[in-house]
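Peer 1: My structure file structure.csv, CSV, C-alpha atoms, is below:
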chain,number,residue,atom,x,y,z
A,290,ALA,CA,22.7,-10.2,20.3
A,291,ASP,CA,20.3,-8.8,22.9
A,292,PRO,CA,18.4,-11.9,24.4
A,293,SER,CA,15.5,-9.6,25.3
A,294,CYS,CA,14.7,-8.9,21.7
A,295,ALA,CA,12.1,-11.0,19.9
A,296,PRO,CA,13.4,-13.5,17.4
A,297,GLN,CA,13.4,-12.1,13.9
A,298,GLY,CA,10.9,-13.8,11.7
A,299,ALA,CA,7.9,-13.6,14.1
A,300,ALA,CA,5.7,-12.6,11.2
A,301,VAL,CA,3.1,-13.9,8.8
A,302,SER,CA,2.8,-12.5,5.3
A,303,PHE,CA,0.5,-13.2,2.4
A,304,ALA,CA,1.7,-13.3,-1.2
A,305,ASP,CA,0.1,-10.9,-3.7
A,306,GLY,CA,-3.2,-12.2,-5.0
A,307,LEU,CA,-3.5,-14.9,-2.3
A,308,SER,CA,-7.1,-15.5,-1.4
A,309,ALA,CA,-8.4,-16.4,2.0
A,310,SER,CA,-9.4,-19.8,0.7
A,311,ALA,CA,-5.8,-20.5,-0.5
A,312,ILE,CA,-4.8,-21.5,3.1
A,313,VAL,CA,-6.4,-24.5,4.7
A,314,PRO,CA,-8.2,-23.2,7.8
A,315,ALA,CA,-6.6,-25.8,10.1
A,316,LEU,CA,-3.2,-24.7,8.9
A,317,ALA,CA,-4.0,-21.0,9.3
A,318,GLU,CA,-5.3,-21.8,12.9
A,319,ALA,CA,-2.0,-23.5,13.7
A,320,MET,CA,0.0,-20.6,12.3
A,321,GLY,CA,-2.0,-18.2,14.4
A,322,LYS,CA,-1.4,-20.2,17.6
A,323,CYS,CA,2.3,-20.4,16.8
A,324,PHE,CA,2.4,-16.6,16.2
A,325,VAL,CA,0.8,-16.0,19.6
A,326,GLN,CA,3.6,-18.0,21.3
A,327,CYS,CA,6.0,-15.3,20.0
A,328,CYS,CA,4.1,-12.5,21.7
A,329,ARG,CA,3.8,-11.4,25.3
A,330,THR,CA,1.7,-9.0,27.2
A,331,ASP,CA,1.7,-7.4,30.7
A,332,ARG,CA,-1.9,-6.3,30.4
A,333,PRO,CA,-4.2,-7.7,33.1
A,334,ASP,CA,-6.8,-8.6,30.4
A,335,GLY,CA,-4.2,-10.5,28.3
A,336,LEU,CA,-4.8,-8.4,25.2
A,337,TYR,CA,-2.0,-7.4,22.8
A,338,THR,CA,-1.6,-3.8,21.7
A,339,THR,CA,-1.9,-3.7,17.9
A,340,VAL,CA,-1.0,-0.9,15.5
A,341,VAL,CA,-3.0,-1.1,12.2
A,342,CYS,CA,-1.2,0.3,9.1
A,343,ASP,CA,-2.1,0.4,5.4
A,344,GLU,CA,-0.3,-1.5,2.8
A,345,MET,CA,2.4,1.2,2.6
A,346,GLY,CA,3.0,1.1,6.3
A,347,VAL,CA,1.1,4.4,7.2
A,348,ALA,CA,-0.6,4.1,10.6
A,349,LEU,CA,-4.4,4.0,10.6
A,350,GLY,CA,-5.2,3.4,14.2
A,351,LEU,CA,-4.5,1.6,17.5
A,352,VAL,CA,-6.6,-1.5,18.5
A,353,TYR,CA,-6.3,-4.6,20.6
A,354,SER,CA,-6.0,-8.3,19.7
A,355,SER,CA,-6.6,-11.5,21.6
A,356,GLU,CA,-5.4,-15.0,20.7
A,357,GLU,CA,-8.8,-15.7,19.2
A,358,SER,CA,-8.8,-12.6,17.1
A,359,ILE,CA,-5.3,-13.3,15.8
A,360,VAL,CA,-6.2,-16.8,14.8
A,361,SER,CA,-9.4,-15.6,13.2
A,362,SER,CA,-7.5,-12.9,11.2
A,363,LEU,CA,-5.3,-15.6,9.7
A,364,VAL,CA,-8.1,-18.0,9.0
A,365,GLU,CA,-10.3,-15.3,7.3
A,366,ARG,CA,-7.4,-13.1,6.1
A,367,ARG,CA,-9.1,-10.1,7.4
A,368,GLY,CA,-8.5,-7.4,10.0
A,369,ILE,CA,-10.2,-8.9,13.1
A,370,TYR,CA,-9.6,-7.5,16.5
A,371,TYR,CA,-10.9,-7.7,20.1
A,372,SER,CA,-13.5,-5.1,21.2
A,373,ARG,CA,-13.1,-4.1,24.8
A,374,SER,CA,-16.5,-2.5,24.9
A,375,ARG,CA,-18.3,-5.4,23.3
A,376,LYS,CA,-16.1,-8.0,25.0
A,377,GLY,CA,-15.8,-10.0,21.9
A,378,LEU,CA,-14.4,-10.2,18.3
A,379,TRP,CA,-14.6,-7.1,16.2
A,380,ARG,CA,-14.6,-8.0,12.5
A,381,LYS,CA,-13.7,-4.6,11.0
A,382,GLY,CA,-16.2,-3.6,8.3
A,383,ASP,CA,-19.0,-6.1,9.1
A,384,SER,CA,-21.4,-3.2,9.7
A,385,SER,CA,-19.8,-0.3,7.8
A,386,GLY,CA,-18.5,-2.2,4.8
A,387,ALA,CA,-15.0,-0.9,5.3
A,388,ILE,CA,-13.4,-4.3,5.6
A,389,GLN,CA,-9.7,-4.9,5.9
A,390,LEU,CA,-7.8,-7.4,3.8
A,391,LEU,CA,-4.8,-8.7,5.8
A,392,CYS,CA,-1.4,-8.5,4.1
A,393,ARG,CA,0.9,-9.1,7.0
A,394,MET,CA,1.1,-9.3,10.7
A,395,ASP,CA,4.3,-9.1,12.8
A,396,VAL,CA,5.5,-8.4,16.3
A,397,ASP,CA,7.9,-5.7,17.5
A,398,CYS,CA,11.4,-6.2,19.0
A,399,ASP,CA,10.0,-6.5,22.5
A,400,ALA,CA,7.3,-8.9,21.4
A,401,ASP,CA,4.6,-6.9,23.2
A,402,ALA,CA,3.1,-4.9,20.3
A,403,LEU,CA,1.6,-6.3,17.1
A,404,ARG,CA,1.4,-4.6,13.7
A,405,TYR,CA,-1.1,-5.5,11.0
A,406,LEU,CA,-0.6,-4.3,7.4
A,407,VAL,CA,-4.0,-4.2,5.7
A,408,VAL,CA,-5.7,-3.0,2.6
A,409,GLN,CA,-8.4,-0.7,3.9
A,410,ARG,CA,-11.4,-1.1,1.6
A,411,GLY,CA,-14.7,0.8,1.4
A,412,GLY,CA,-13.8,3.9,-0.5
A,413,GLU,CA,-13.8,5.5,-4.0
A,414,GLY,CA,-11.6,4.1,-6.7
A,415,GLU,CA,-11.7,0.5,-5.7
A,416,THR,CA,-12.2,-1.5,-8.9
A,417,PRO,CA,-12.4,-5.2,-9.7
A,418,GLU,CA,-9.6,-4.6,-12.2
A,419,ALA,CA,-7.3,-3.4,-9.4
A,420,GLY,CA,-8.0,-6.6,-7.4
A,421,THR,CA,-7.3,-6.3,-3.7
A,422,HIS,CA,-4.3,-4.0,-4.0
A,423,VAL,CA,-6.0,-0.6,-3.7
A,424,GLY,CA,-7.4,0.4,-0.4
A,425,CYS,CA,-9.2,3.8,-0.4
A,426,GLY,CA,-11.6,3.4,2.5
A,427,PRO,CA,-11.8,5.0,6.0
A,428,PHE,CA,-10.5,3.3,9.1
A,429,CYS,CA,-11.9,5.6,11.8
A,430,HIS,CA,-15.5,5.5,13.0
A,431,CYS,CA,-15.5,9.3,12.3
A,432,GLY,CA,-15.2,8.5,8.6
A,433,THR,CA,-11.6,9.6,8.2
A,434,ARG,CA,-8.8,7.6,6.7
A,435,SER,CA,-7.1,7.2,10.1
A,436,CYS,CA,-7.8,7.9,13.7
A,437,TRP,CA,-5.5,11.0,13.3
A,438,GLY,CA,-7.7,12.4,10.6
A,439,GLU,CA,-7.2,12.5,6.9
A,440,ALA,CA,-3.9,11.8,5.2
A,441,ASN,CA,-1.8,15.0,4.6
A,442,GLY,CA,-0.9,14.4,1.0
A,443,GLY,CA,1.9,12.1,-0.1
A,444,LEU,CA,2.2,9.4,-2.6
A,445,THR,CA,-0.4,7.1,-1.0
A,446,GLU,CA,-3.0,9.8,-0.9
A,447,LEU,CA,-2.2,10.7,-4.6
A,448,GLN,CA,-2.7,7.1,-5.5
A,449,ARG,CA,-6.1,7.0,-3.9
A,450,THR,CA,-7.1,10.2,-5.7
A,451,LEU,CA,-5.9,8.8,-9.0
A,452,PHE,CA,-7.9,5.6,-8.7
A,453,ALA,CA,-10.9,7.6,-7.7
A,454,ARG,CA,-10.6,9.9,-10.7
A,455,LYS,CA,-10.3,6.9,-13.0
A,456,GLN,CA,-13.7,5.8,-11.8
A,457,SER,CA,-15.4,9.2,-11.6
A,458,ALA,CA,-13.8,12.5,-12.4
A,459,PRO,CA,-15.2,16.1,-12.2
A,460,GLU,CA,-15.9,18.0,-15.4
A,461,GLY,CA,-12.6,19.3,-16.9
A,462,SER,CA,-10.4,16.9,-14.9
A,463,TYR,CA,-6.9,16.9,-16.3
A,464,THR,CA,-6.2,13.5,-14.8
A,465,LYS,CA,-9.2,12.1,-16.7
A,466,ARG,CA,-7.9,13.6,-19.9
A,467,LEU,CA,-4.6,11.8,-19.3
A,468,PHE,CA,-6.4,8.5,-18.8
A,469,ASP,CA,-8.3,9.0,-22.0
A,470,ASP,CA,-5.3,10.1,-24.1
A,471,PRO,CA,-2.3,7.7,-23.8
A,472,VAL,CA,-0.3,9.7,-26.3
A,473,LEU,CA,-0.6,12.9,-24.3
A,474,LEU,CA,0.4,11.0,-21.2
A,475,ARG,CA,3.5,9.5,-22.9
A,476,ASN,CA,4.5,12.9,-24.2
A,477,LYS,CA,4.1,14.5,-20.8
A,478,LEU,CA,6.3,11.8,-19.2
A,479,LEU,CA,9.0,12.5,-21.7
A,480,GLU,CA,8.7,16.3,-21.3
A,481,GLU,CA,8.8,16.2,-17.5
A,482,ALA,CA,11.7,13.8,-17.4
A,483,GLN,CA,13.6,16.2,-19.6
A,484,GLU,CA,12.8,19.1,-17.3
A,485,LEU,CA,13.9,17.1,-14.3
A,486,ILE,CA,17.2,16.4,-16.0
A,487,GLU,CA,17.7,20.1,-16.8
A,488,ALA,CA,16.7,21.4,-13.3
A,489,GLU,CA,19.6,22.7,-11.2
A,490,ASP,CA,18.7,24.1,-7.8
A,491,SER,CA,17.3,21.7,-5.2
A,492,ASP,CA,13.8,23.2,-5.0
A,493,HIS,CA,13.5,23.1,-8.8
A,494,VAL,CA,14.6,19.5,-8.9
A,495,ALA,CA,12.1,18.6,-6.2
A,496,ALA,CA,9.3,20.4,-8.1
A,497,GLU,CA,10.1,18.6,-11.4
A,498,ALA,CA,10.5,15.3,-9.6
A,499,ALA,CA,6.9,15.8,-8.2
A,500,ASP,CA,5.7,16.3,-11.8
A,501,VAL,CA,7.4,13.2,-13.0
A,502,LEU,CA,5.9,11.2,-10.1
A,503,TYR,CA,2.5,12.5,-10.8
A,504,PHE,CA,2.5,11.5,-14.5
A,505,ALA,CA,4.2,8.2,-13.7
A,506,MET,CA,1.5,7.4,-11.2
A,507,VAL,CA,-1.2,8.2,-13.7
A,508,ARG,CA,0.4,5.6,-15.9
A,509,LEU,CA,0.4,3.1,-13.0
A,510,ALA,CA,-3.2,3.7,-12.2
A,511,ALA,CA,-4.2,3.5,-15.9
A,512,LYS,CA,-2.8,-0.1,-15.8
A,513,ASN,CA,-4.1,-0.9,-12.3
A,514,VAL,CA,-0.6,-1.0,-10.9
A,515,THR,CA,-0.1,0.2,-7.3
A,516,LEU,CA,2.8,1.6,-5.3
A,517,GLN,CA,2.9,-1.6,-3.3
A,518,MET,CA,3.5,-3.6,-6.5
A,519,VAL,CA,6.3,-1.3,-7.5
A,520,ALA,CA,7.8,-1.6,-4.0
A,521,HIS,CA,7.7,-5.3,-4.3
A,522,HIS,CA,9.8,-5.2,-7.5
A,523,LEU,CA,12.3,-2.9,-5.8
A,524,SER,CA,12.6,-5.3,-2.9
A,525,ARG,CA,13.2,-8.2,-5.2
A,526,ARG,CA,15.9,-6.4,-7.1
A,527,ALA,CA,17.7,-5.6,-3.8
A,528,LEU,CA,18.2,-9.4,-3.4
A,529,LYS,CA,19.9,-9.9,-6.7
A,530,VAL,CA,23.5,-11.0,-6.5
A,531,LYS,CA,24.4,-10.4,-10.1
A,532,ARG,CA,23.3,-7.2,-11.8
A,533,ARG,CA,23.2,-5.8,-15.4
A,534,PRO,CA,25.8,-3.1,-16.3
A,535,GLY,CA,23.1,-0.5,-16.4
A,536,ASN,CA,24.3,1.3,-19.5
A,537,ALA,CA,22.0,3.6,-21.4
A,538,LYS,CA,20.1,2.2,-24.4
A,539,ASN,CA,20.9,4.3,-27.4
A,540,PHE,CA,17.8,3.4,-29.3
A,541,ARG,CA,15.6,4.6,-26.4
A,542,ILE,CA,17.5,7.9,-26.2
A,543,ALA,CA,17.1,8.4,-29.9
A,544,ALA,CA,13.4,7.7,-29.8
A,545,ALA,CA,12.9,10.1,-26.9
A,546,GLU,CA,14.8,12.9,-28.6
A,547,SER,CA,12.7,12.3,-31.8
A,548,ILE,CA,9.5,12.8,-29.8
A,549,LEU,CA,10.8,15.8,-27.9
A,550,ALA,CA,12.0,17.4,-31.1
A,551,LYS,CA,8.4,17.2,-32.6
A,552,LYS,CA,7.1,19.1,-29.6
A,553,GLU,CA,9.5,22.1,-30.1
Would you encode the structure as structure tokens?

Peer 2:
Amino acid sequence: ADPSCAPQGAAVSFADGLSASAIVPALAEAMGKCFVQCCRTDRPDGLYTTVVCDEMGVALGLVYSSEESIVSSLVERRGIYYSRSRKGLWRKGDSSGAIQLLCRMDVDCDADALRYLVVQRGGEGETPEAGTHVGCGPFCHCGTRSCWGEANGGLTELQRTLFARKQSAPEGSYTKRLFDDPVLLRNKLLEEAQELIEAEDSDHVAAEAADVLYFAMVRLAAKNVTLQMVAHHLSRRALKVKRRPGNAKNFRIAAAESILAKKE
């Protein structure tokens, strides 16, 4: 092993649904001080370069942290950094309302760069029913999702759009129609899955898979389920030692074929 690499495990994570009050402040403060001992910096001001990412790991911006801001982040379970211009703590969202809920903080292999995984709040589509899992707000002071501009599509951007449509959709929105008609959504999922199975060339397969993902994510949003929650289940399954055979369920196949036959 390379002795210059930071020890694995220099990270602090919060379980799903854990509130800031669930950790005793004194314990959170102790955890923060222990975490700082795993970090190092060669900056004259003693600050730590910090990359802020959303809950799916997409970079939102670059900031700086101090020992005080790291401890405060854990105590309050929020994105709190050090402002070099103000020369003090910067509690993200105190003035703009675009607060960050802290999911995880860790340090890189050289122990000289931090990463914060946060739920960036302050945008459309954030509902009490979705809890703290959906972050649709802007990170940048310019009002964009990240300091590199708006996201260029992808699943996380689609997720934000779907939750926003669930709250407020324009006239004639097909997504809103799917939310309001569970039978139509069910039938479209079956239909698109069949078309994915029948697709042959790579571009056609990709196009049909995109359709399946769209309708599947509408179903997720309808039930206030996020990609992060799905990813959590996938990670848990990867840890299983004993697995099911994975054989097809005949009654499910028969039910699907019956529904599809009615559409023909």

Peer 1: Could you tell me how far atom CA of A:Leu336 lies from atom CA of A:Tyr353, in Å and to one decimal?

Peer 2: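 Value for the atom CA of A:Leu336-atom CA of A:Tyr353 distance: 6.2 Å.
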
Peer 1: Rounded to one decimal, what separation in Å do you get between atom CA of A:Leu363 and atom CA of A:Asn513?

Peer 2: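 We find that atom CA of A:Leu363 and atom CA of A:Asn513 lie 26.5 Å from each other.
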
Peer 1: Smallest atom-to-atom distance to A:Phe324: which of A:Leu479, A:Leu390, A:Ile369, A:Ala400, using all atoms listed in the file?

Peer 2: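 Once distances to A:Phe324 are computed over all atoms listed in the file, the minimum belongs to A:Ala400.
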
Peer 1: Could you check how far atom CA of A:Arg404 sits from atom CA of A:Val514, in Å to one decimal?

Peer 2: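 Those two atoms sit 24.9 Å apart.
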
Peer 1: My list of candidates is A:Tyr463, A:Glu489, A:Leu447, A:Arg366. Which is closest to A:Leu502 when distances are computed with only C-alpha atoms?

Peer 2: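 Comparing A:Tyr463, A:Glu489, A:Leu447, A:Arg366 against A:Leu502, the winner is A:Leu447.
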
Peer 1: Determine the nearest neighbour of A:Gln389 from the options A:Val494, A:Cys342, A:Val325, A:Ala537, counting only C-alpha atoms.

Peer 2: A:Cys342

Peer 1: Excluding stretch 482-485 of chain A and residues on its chain fewer than 4 positions from it, collect all residues at most 7 Å away from it, counting all atoms listed in the file, and give them as a PyMOL selection string.

Peer 2: chain A and resi 478+494+497-498+501
